[in-house]
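Chemist: Structure below; questions to follow.
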Amino acid sequence: MTSRTPSVTRPATRRLLSVCGALLAALLCALSFGASPAAAHAALTMTDPADGAVVKTAPAQVRLTFSEGVLLSRDSVRILDPKSNRVDTGNPAHVGGKSSTAAVGLRPGLPNGTYTVAWKVVSEDSHPVAGAFTFSIGAPSKTKAKVPSDAGADGTVETLYDIVRYVAYGGFAALVGGCVFAGLCRSSRAVQKLAVGGWVALFSATLLLLLLRGPYTNGEGIGGIFDLGGLGDVLSTKPGAALLSRLLLLGAAALFLAVLFGSYARRAADEDQGRRQDLAFGLAFGGTVLSVGIAATWAMAEHASVGIQSKVAMPVDVVHLLAVGVWLGGLGALVATLRTGEPIGRSAVHRFSRLAFGSVVVLVLTGVYQSWRQVGSWDALTGTEYGRWLLVKVGLVAVLIAIASVSRRWTGRLVDEPDDKADEKKADEKADEKTEKNADKKATEDEERTEDSDKTAEGTAADPVRTAQLARQKAAVDKATTLRARYGDLARGSLYRSVLAETVVAVVLLAVATQLSTTQPGRAASAVASAKDGGTAADTSPTVDPISVEIPYNTGPKSGRGKAIFMLDPALPGDNLIHVFTFDLADRPVDAAEVKVTLTLPKKNIGPLSVPLEHVATGHWSAKSFQLPMGGTWRLSLTVRTSDIDQVTETRTLKIGQ
């Protein structure tokens with residue numbers, strides 16, 4: 001059966017890899033194209049002046065309120081006049097020490113017109129968010145200021161930043177899982193390569209994140225990584241400090257790796273068990289401290305550090321990350337060991353199986369808490385982007401657990417070996433002895449082949465085709481030898497394929513986890529939606545944005561042509577503020593002899609209700625308090641009279657409170 005195993009299992013492995021690869025490609029496509037382009041975690045909930053408001057005189061400052069704390073820079077809030085010139089003074093600051101607010105002063109004596117407020121901040125959980133709104137002094141006007149259409153980051157920088165974040169998570173899992181597997185299960189060259197590769201990936205990714213942080217938050221291009229001044233600004237922020245701390249901890253982790261795969265590995269065969277146990281205890285303690293510290297660099301700067309119960313959420317997040325690393329990184333170490341064909345006892349696989357089971361239990365417990373904290377309600381679980389990605393993550397974890405149960409069954413069918421460590425050591429020594437005998441046999445065969453080749457050296461040298469043929473034969477023999485070692489028995493081959501499938505799904509799971517870390521939590525998204533709706537979920541009154549309608553008019557003569565702007569705020573049943581502005585064809589405010597407004601609700605036979613307008617300034621009429629009895633589809637009638645005989649009435653339909 002052994003001689004036939006490679007030919008049977010290789011197609012099965014290829015089919016398994018193709019199915020898992022298709023799953024990975026599909027979910028990575030979903031990650032790339034299914035997510036919103038800007039996953040802002042802090043949302044603007046209120047401004048003073050309000051978006052679109054018209055004020056009589058210029059305010060002393062502009063205030064912004066966000067759904068969570070934000071980090072401010074000197075250009076976080078910029079105010080532009082109609083000619084796109086800056087009119088703000090001083091640096092933005094928090095109001096009353098509240099980190100969820102921002103305010104900036106205005107120059108005195110500003111003329112009438114429409115002003116644009118462009119803002120760009122960084123959420124406390126490290127994600128940039130930007131936007132803009134307008135308000136008018138005296139009356140609206142045309143403006144040359146451009147309103148940003150998205151939240152900030154350059155597309156290339158944002159994509160690269162997300163990829164590097166994913167590499168950092170993968171490197172952490174490989175580093176932690178590889179070290180734990182080497183210390184508790186089995187150390188080998190393949191496991192060492194995995195752990196060291198994880199360290200290199202995590203260190204490189206952290207350094208790149210530190211360089212990309214400035215361009216990422218400031219909306220600059222890739223050239224911003226060379227701005228040393230921007231790097232200094234990054235280091236003064238909480239995310240920058242977390243990244244720098246991670247680099248320092250990884251420096252200490254390099255020494256840990258040198259001891260684990262150097263002195264400790266050499267002591268593995270040392271008969272002085274006391275000295276080995278002392279070293280093992282020191283490595284366990286030091287490794288735990290380093291792992292907790294590295295995991296904390298994520299917890300202190302991302303979701304766990306913001307929102308409710310942050311003091312509880314941060315240590316829970318650290319434990320969650322460590323469990324992920326032990327489980328998923330350990331899977332990588334196991335599949336690497338099986339792939340190389342190195343001997344591994346059933347007891348070692350059993351130890352990892354128990355370790356993985358404990359990690360899964362920890363993941364479930366911490367994951368349930370994190371889900372409650374970040375989602376908050378069943379509606380948010382299905383009604384927000386974060387909740388939907390969380391469901392995908394839960395589904396992938398369920399798939400992993402199902403595959404893991406298959407792996408546990410194949411583990412039980414491995415060649416029986418005693419679970420005792422001493423017996424396992426003897427079994428490993430026998431395996432090593434067998435390997436040495438095979439190596440000696442192979443060396444003898446190689447010598448014989450060398451003698452044969454020497455005899456035909458002249459002919460071979462003269463025949464390059466024969467030389468290439470011999471090289472292909474040697475490569476085929478070496479490959480067959482590796483396959484026989486990997487699939488020496490049915491249980492080992494099946495375990496390898498099962499663990500390989502787990503690893504592939506784990507790669508996709510890490511991608512989903514990375515996407516979750518850049519998506520606004522469901523609880524925050526629901527709170528923002530409630531704030532925009534003007535109240536709590538118990539408030540059943542419908543809410544809409546203020547209404548602004550532009551109505552061209554023509555009373556006959558050339559001087560009677562222009563446009564009127566009707567504004568209704570907040571456009572709800574009850575008390576409302578009404579503004580009417582009139583402009584000529586050059587968009588200059590112009591007075592009319594008379595302006596009248598009536599509102600009618602035909603379906604309820606209400607109206608026409610006359611609006612008592614008061615002339616405020618040139619081309620500006622208003623009614624400070626007008627009561628609308630109910631919502632519905634109202635008909636607006638606007639009458640503009642420009643002379644004793646020239647007037648026109650225009651009608652529009654308004655949906656109020658719908």
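Within each chain, counting starts at residue 1; across the structure tokens, chains are named A, B, ... in the order shown, with ligands numbered 1 upward in that order.
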Determine, counting only C-alpha atoms, which protein, DNA and RNA residues have an atom within 10 Å of an atom of Leu71 (chain A); residues of the same chain fewer than 5 positions away are not included. Present the result as a ChimeraX atom specification.
Modeler: /A:76,93-94,99-102,120-128,237-238
Chemist: Generate a file of the selected residues that holds C-alpha atoms, formatted as a tab-separated table (two decimals), in the first residue's frame.
Modeler:
chain	number	residue	atom	x	y	z
A	76	SER	CA	-8.21	68.79	10.98
A	93	ALA	CA	-9.17	71.94	19.72
A	94	HIS	CA	-11.51	69.79	21.79
A	99	SER	CA	-12.33	64.12	22.84
A	100	SER	CA	-15.45	63.60	20.68
A	101	THR	CA	-15.60	67.32	19.80
A	102	ALA	CA	-13.61	69.71	17.63
A	120	LYS	CA	-10.37	65.32	8.52
A	121	VAL	CA	-9.75	63.50	11.82
A	122	VAL	CA	-8.52	60.13	13.07
A	123	SER	CA	-10.76	57.91	15.17
A	124	GLU	CA	-9.43	56.80	18.53
A	125	ASP	CA	-9.30	53.28	17.09
A	126	SER	CA	-6.74	54.55	14.51
A	127	HIS	CA	-8.91	54.89	11.37
A	128	PRO	CA	-9.08	58.18	9.40
A	237	THR	CA	-0.16	59.57	18.41
A	238	LYS	CA	-1.50	56.47	20.14
Chemist: List the spatial neighbours of Asn554 (chain A) as a list in words - criterion: any atom at most 10 Å away, only C-alpha atoms, same-chain residues fewer than 2 positions off excluded.
Modeler: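 That gives Pro552, Gly556, Pro557, Lys558, Ser559, Gly560, Arg561, Gly562, Lys563, Val640, Arg641, Thr642, Asp646, Gln647, Val648, Thr649 and Glu650 of chain A.
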